[in-house]
$ cat query-v8.cif   # mmCIF, N, CA and C atoms and all ligand atoms
data_protein
loop_
_atom_site.label_atom_id
_atom_site.label_comp_id
_atom_site.auth_asym_id
_atom_site.auth_seq_id
_atom_site.Cartn_x
_atom_site.Cartn_y
_atom_site.Cartn_z
N MET A 260 -19.16 -21.43 6.66
CA MET A 260 -18.71 -20.29 5.86
C MET A 260 -17.34 -20.62 5.26
N THR A 261 -17.22 -20.47 3.98
CA THR A 261 -15.94 -20.77 3.34
C THR A 261 -14.96 -19.62 3.54
N HIS A 262 -13.69 -19.95 3.43
CA HIS A 262 -12.66 -18.94 3.62
C HIS A 262 -11.51 -19.17 2.64
N LEU A 263 -10.70 -18.16 2.49
CA LEU A 263 -9.49 -18.24 1.68
C LEU A 263 -8.30 -18.39 2.62
N ASP A 264 -7.11 -18.68 2.10
CA ASP A 264 -5.94 -18.68 2.96
C ASP A 264 -5.34 -17.28 3.01
N GLY A 265 -4.32 -17.12 3.85
CA GLY A 265 -3.76 -15.80 4.10
C GLY A 265 -3.14 -15.13 2.89
N ASN A 266 -2.91 -15.89 1.82
CA ASN A 266 -2.38 -15.27 0.61
C ASN A 266 -3.36 -14.25 0.04
N ALA A 267 -4.64 -14.35 0.43
CA ALA A 267 -5.64 -13.38 -0.02
C ALA A 267 -5.37 -11.99 0.56
N LEU A 268 -4.51 -11.92 1.59
CA LEU A 268 -4.16 -10.63 2.19
C LEU A 268 -3.04 -9.91 1.44
N ALA A 269 -2.38 -10.62 0.52
CA ALA A 269 -1.19 -10.06 -0.15
C ALA A 269 -1.49 -8.73 -0.84
N GLY A 270 -2.57 -8.67 -1.60
CA GLY A 270 -2.89 -7.43 -2.31
C GLY A 270 -3.27 -6.31 -1.36
N PRO A 271 -4.27 -6.54 -0.48
CA PRO A 271 -4.70 -5.46 0.43
C PRO A 271 -3.58 -4.98 1.37
N LEU A 272 -2.75 -5.91 1.90
CA LEU A 272 -1.66 -5.48 2.77
C LEU A 272 -0.50 -4.89 1.96
N GLY A 273 -0.36 -5.34 0.72
CA GLY A 273 0.68 -4.82 -0.15
C GLY A 273 0.49 -3.34 -0.45
N GLU A 274 -0.77 -2.91 -0.34
CA GLU A 274 -1.07 -1.49 -0.53
C GLU A 274 -0.53 -0.65 0.63
N LEU A 275 -0.35 -1.28 1.81
CA LEU A 275 0.03 -0.56 3.02
C LEU A 275 1.50 -0.72 3.39
N PHE A 276 2.09 -1.88 3.07
CA PHE A 276 3.45 -2.18 3.54
C PHE A 276 4.40 -2.40 2.37
N ALA A 277 5.66 -2.04 2.59
CA ALA A 277 6.68 -2.21 1.56
C ALA A 277 7.18 -3.65 1.50
N VAL A 278 6.88 -4.44 2.54
CA VAL A 278 7.30 -5.84 2.57
C VAL A 278 6.08 -6.74 2.38
N ASP A 279 6.34 -7.99 2.01
CA ASP A 279 5.26 -8.96 1.84
C ASP A 279 4.89 -9.53 3.21
N VAL A 280 3.82 -9.01 3.78
CA VAL A 280 3.43 -9.42 5.14
C VAL A 280 2.93 -10.86 5.16
N THR A 281 2.48 -11.39 4.05
CA THR A 281 2.02 -12.78 4.05
C THR A 281 3.19 -13.73 4.29
N ALA A 282 4.43 -13.27 4.08
CA ALA A 282 5.62 -14.08 4.35
C ALA A 282 6.05 -13.96 5.81
N ALA A 283 5.41 -13.08 6.57
CA ALA A 283 5.75 -12.90 7.97
C ALA A 283 5.18 -14.05 8.81
N THR A 284 5.75 -14.21 10.00
CA THR A 284 5.28 -15.23 10.94
C THR A 284 4.56 -14.53 12.08
N GLY A 285 3.31 -14.89 12.29
CA GLY A 285 2.51 -14.27 13.34
C GLY A 285 2.31 -15.21 14.51
N ARG A 286 2.16 -14.60 15.70
CA ARG A 286 1.88 -15.38 16.91
C ARG A 286 0.50 -14.99 17.42
N CYS A 287 -0.36 -15.96 17.58
CA CYS A 287 -1.75 -15.74 18.00
C CYS A 287 -1.80 -15.31 19.47
N ALA A 288 -2.56 -14.25 19.76
CA ALA A 288 -2.69 -13.75 21.12
C ALA A 288 -3.56 -14.67 21.97
N SER A 289 -4.38 -15.48 21.34
CA SER A 289 -5.29 -16.33 22.08
C SER A 289 -4.66 -17.67 22.47
N CYS A 290 -4.09 -18.40 21.50
CA CYS A 290 -3.57 -19.74 21.79
C CYS A 290 -2.05 -19.84 21.72
N GLY A 291 -1.38 -18.79 21.22
CA GLY A 291 0.07 -18.80 21.17
C GLY A 291 0.66 -19.49 19.96
N MET A 292 -0.20 -20.02 19.10
CA MET A 292 0.28 -20.70 17.89
C MET A 292 1.05 -19.72 17.01
N THR A 293 2.17 -20.19 16.48
CA THR A 293 2.99 -19.39 15.60
C THR A 293 2.97 -20.01 14.21
N GLY A 294 2.79 -19.16 13.19
CA GLY A 294 2.77 -19.67 11.82
C GLY A 294 2.75 -18.54 10.82
N PRO A 295 2.91 -18.89 9.56
CA PRO A 295 2.93 -17.85 8.52
C PRO A 295 1.56 -17.18 8.35
N VAL A 296 1.59 -15.89 8.08
CA VAL A 296 0.36 -15.14 7.83
C VAL A 296 -0.41 -15.79 6.68
N ALA A 297 0.33 -16.37 5.73
CA ALA A 297 -0.31 -17.02 4.59
C ALA A 297 -1.17 -18.21 5.00
N SER A 298 -0.99 -18.73 6.22
CA SER A 298 -1.77 -19.89 6.65
C SER A 298 -3.05 -19.49 7.39
N LEU A 299 -3.26 -18.19 7.61
CA LEU A 299 -4.48 -17.74 8.30
C LEU A 299 -5.71 -18.03 7.45
N LYS A 300 -6.86 -18.14 8.12
CA LYS A 300 -8.13 -18.35 7.44
C LYS A 300 -8.78 -17.00 7.22
N VAL A 301 -8.92 -16.60 5.97
CA VAL A 301 -9.38 -15.25 5.64
C VAL A 301 -10.83 -15.27 5.17
N TYR A 302 -11.63 -14.41 5.82
CA TYR A 302 -13.03 -14.25 5.45
C TYR A 302 -13.24 -12.83 4.95
N GLY A 303 -14.12 -12.66 4.01
CA GLY A 303 -14.39 -11.34 3.48
C GLY A 303 -14.87 -11.47 2.04
N PRO A 304 -14.83 -10.41 1.26
CA PRO A 304 -14.13 -9.15 1.55
C PRO A 304 -14.98 -8.11 2.27
N GLY A 305 -16.31 -8.24 2.29
CA GLY A 305 -17.10 -7.18 2.88
C GLY A 305 -17.65 -7.55 4.24
N PRO A 306 -17.72 -6.62 5.15
CA PRO A 306 -17.32 -5.21 5.06
C PRO A 306 -15.83 -5.00 5.22
N GLY A 307 -15.07 -6.06 5.50
CA GLY A 307 -13.62 -5.99 5.59
C GLY A 307 -13.07 -7.40 5.59
N LEU A 308 -11.75 -7.51 5.59
CA LEU A 308 -11.13 -8.83 5.65
C LEU A 308 -10.88 -9.19 7.10
N VAL A 309 -11.24 -10.42 7.47
CA VAL A 309 -11.01 -10.93 8.81
C VAL A 309 -10.16 -12.19 8.68
N ALA A 310 -9.00 -12.20 9.36
CA ALA A 310 -8.10 -13.36 9.29
C ALA A 310 -8.10 -14.05 10.64
N ARG A 311 -8.42 -15.34 10.64
CA ARG A 311 -8.53 -16.12 11.88
C ARG A 311 -7.39 -17.12 12.00
N CYS A 312 -7.02 -17.40 13.23
CA CYS A 312 -5.97 -18.37 13.56
C CYS A 312 -6.42 -19.76 13.10
N PRO A 313 -5.55 -20.50 12.38
CA PRO A 313 -5.91 -21.86 11.98
C PRO A 313 -5.95 -22.82 13.17
N GLY A 314 -5.39 -22.41 14.31
CA GLY A 314 -5.37 -23.28 15.48
C GLY A 314 -6.61 -23.15 16.35
N CYS A 315 -7.00 -21.91 16.68
CA CYS A 315 -8.10 -21.71 17.63
C CYS A 315 -9.27 -20.92 17.05
N ASP A 316 -9.13 -20.44 15.83
CA ASP A 316 -10.19 -19.72 15.12
C ASP A 316 -10.44 -18.30 15.64
N GLU A 317 -9.63 -17.81 16.58
CA GLU A 317 -9.80 -16.42 17.03
C GLU A 317 -9.30 -15.46 15.95
N VAL A 318 -9.83 -14.24 15.97
CA VAL A 318 -9.45 -13.23 14.99
C VAL A 318 -8.04 -12.72 15.30
N MET A 319 -7.14 -12.80 14.32
CA MET A 319 -5.79 -12.28 14.49
C MET A 319 -5.59 -10.95 13.77
N LEU A 320 -6.36 -10.71 12.73
CA LEU A 320 -6.16 -9.51 11.92
C LEU A 320 -7.49 -9.10 11.28
N ARG A 321 -7.74 -7.80 11.31
CA ARG A 321 -8.89 -7.25 10.59
C ARG A 321 -8.37 -6.11 9.72
N LEU A 322 -8.86 -6.04 8.52
CA LEU A 322 -8.46 -4.96 7.62
C LEU A 322 -9.68 -4.43 6.91
N VAL A 323 -9.94 -3.15 7.13
CA VAL A 323 -11.06 -2.49 6.47
C VAL A 323 -10.50 -1.35 5.62
N ARG A 324 -10.88 -1.36 4.37
CA ARG A 324 -10.42 -0.32 3.44
C ARG A 324 -11.62 0.57 3.12
N GLY A 325 -11.48 1.85 3.48
CA GLY A 325 -12.52 2.82 3.17
C GLY A 325 -11.99 3.85 2.21
N PRO A 326 -12.81 4.83 1.88
CA PRO A 326 -12.33 5.89 1.00
C PRO A 326 -11.23 6.70 1.68
N GLY A 327 -10.06 6.68 1.11
CA GLY A 327 -8.96 7.50 1.62
C GLY A 327 -8.25 6.99 2.84
N ALA A 328 -8.62 5.83 3.36
CA ALA A 328 -7.96 5.31 4.56
C ALA A 328 -8.17 3.81 4.69
N ALA A 329 -7.26 3.18 5.45
CA ALA A 329 -7.39 1.76 5.79
C ALA A 329 -7.24 1.62 7.29
N TRP A 330 -8.00 0.71 7.89
CA TRP A 330 -7.90 0.41 9.31
C TRP A 330 -7.38 -1.00 9.45
N LEU A 331 -6.29 -1.15 10.21
CA LEU A 331 -5.69 -2.45 10.43
C LEU A 331 -5.71 -2.74 11.93
N ASP A 332 -6.41 -3.79 12.31
CA ASP A 332 -6.56 -4.18 13.71
C ASP A 332 -5.76 -5.47 13.92
N LEU A 333 -4.70 -5.39 14.72
CA LEU A 333 -3.83 -6.54 14.96
C LEU A 333 -3.86 -6.98 16.42
N ARG A 334 -4.92 -6.63 17.14
CA ARG A 334 -4.92 -6.93 18.58
C ARG A 334 -4.90 -8.43 18.87
N GLY A 335 -5.27 -9.25 17.91
CA GLY A 335 -5.23 -10.69 18.11
C GLY A 335 -3.88 -11.31 17.77
N THR A 336 -2.93 -10.46 17.41
CA THR A 336 -1.59 -10.92 17.05
C THR A 336 -0.59 -10.37 18.05
N VAL A 337 0.14 -11.24 18.75
CA VAL A 337 1.12 -10.79 19.74
C VAL A 337 2.33 -10.19 19.04
N THR A 338 2.89 -10.96 18.10
CA THR A 338 4.04 -10.48 17.35
C THR A 338 3.89 -10.85 15.89
N LEU A 339 4.59 -10.09 15.07
CA LEU A 339 4.67 -10.35 13.65
C LEU A 339 6.14 -10.32 13.29
N ARG A 340 6.71 -11.47 12.97
CA ARG A 340 8.12 -11.54 12.60
C ARG A 340 8.19 -11.39 11.08
N ILE A 341 8.77 -10.27 10.65
CA ILE A 341 8.79 -9.94 9.23
C ILE A 341 10.21 -10.08 8.70
N PRO A 342 10.41 -10.97 7.73
CA PRO A 342 11.75 -11.12 7.17
C PRO A 342 12.16 -9.86 6.39
N VAL A 343 13.37 -9.40 6.65
CA VAL A 343 13.90 -8.24 5.93
C VAL A 343 15.30 -8.57 5.42
N VAL A 344 15.70 -7.88 4.40
CA VAL A 344 17.04 -8.08 3.84
C VAL A 344 18.01 -7.19 4.60
N ASP A 345 19.12 -7.79 5.09
CA ASP A 345 20.14 -7.01 5.82
C ASP A 345 21.00 -6.23 4.84
ZN ZN A 401 -4.87 -19.17 17.99
#
$ encode --input "query-v8.cif" --output "structure tokens"
Amino acid sequence: MTHLDGNALAGPLGELFAVDVTAATGRCASCGMTGPVASLKVYGPGPGLVARCPGCDEVMLRLVRGPGAAWLDLRGTVTLRIPVVD
């Protein structure tokens, strides 16, 4: 199955967050690998976007957009380090 890189999340996550989450650094809950969200392996778009760790292939992020709401599942991500301007 082919996939896109994490930059494919920029639009869908941009609808939810004021910051560019693809520039954030995520830590995988399964293998502990740390890297940019933009490096995740993204599958989708239907029925939702699934982003997998490039190290162990476990799911780090799921995003489903329905009418009037979005569901974001980050249980596969321990931390998300998001750069902000001081
Ligand atoms: Zn991993």
$ residues_near_ligand --input "query-v8.cif" --ligand "ligand ZN 401 (chain A)" --cutoff "6.5 Å" --atoms "only N, CA and C atoms and all ligand atoms" --output "number ranges by chain"
A: 287-292, 312-317
$ atom_distance --input "query-v8.cif" --atom1 "atom CA of A:Leu308" --atom2 "atom CA of A:Ile341"
20.3 Å
$ atom_distance --input "query-v8.cif" --atom1 "atom N of A:Lys300" --atom2 "atom N of A:Leu263"
6.8 Å
$ atom_distance --input "query-v8.cif" --atom1 "atom N of A:Met260" --atom2 "atom N of A:Leu275"
28.0 Å
$ residues_near_point --input "query-v8.cif" --point "(11.1, -13.6, 6.9)" --cutoff "8 Å" --atoms "all atoms listed in the file" --output "list of chain:residue names"
A:Ala282, A:Ala283, A:Thr284, A:Arg340, A:Ile341, A:Pro342, A:Val343, A:Val344
$ residues_around --input "query-v8.cif" --residues "A:Trp330" --least-positions-apart "4" --cutoff "10 Å" --atoms "only C-alpha atoms" --output "number ranges by chain"
A: 307, 321-325
$ select_by_dssp --input "query-v8.cif" --residues "stretch 270-340 of chain A" --states "strand (DSSP E or B)" --output "ChimeraX atom specification"
/A:284-287,293-295,300-302,308-311,318-325,328-332,336-340
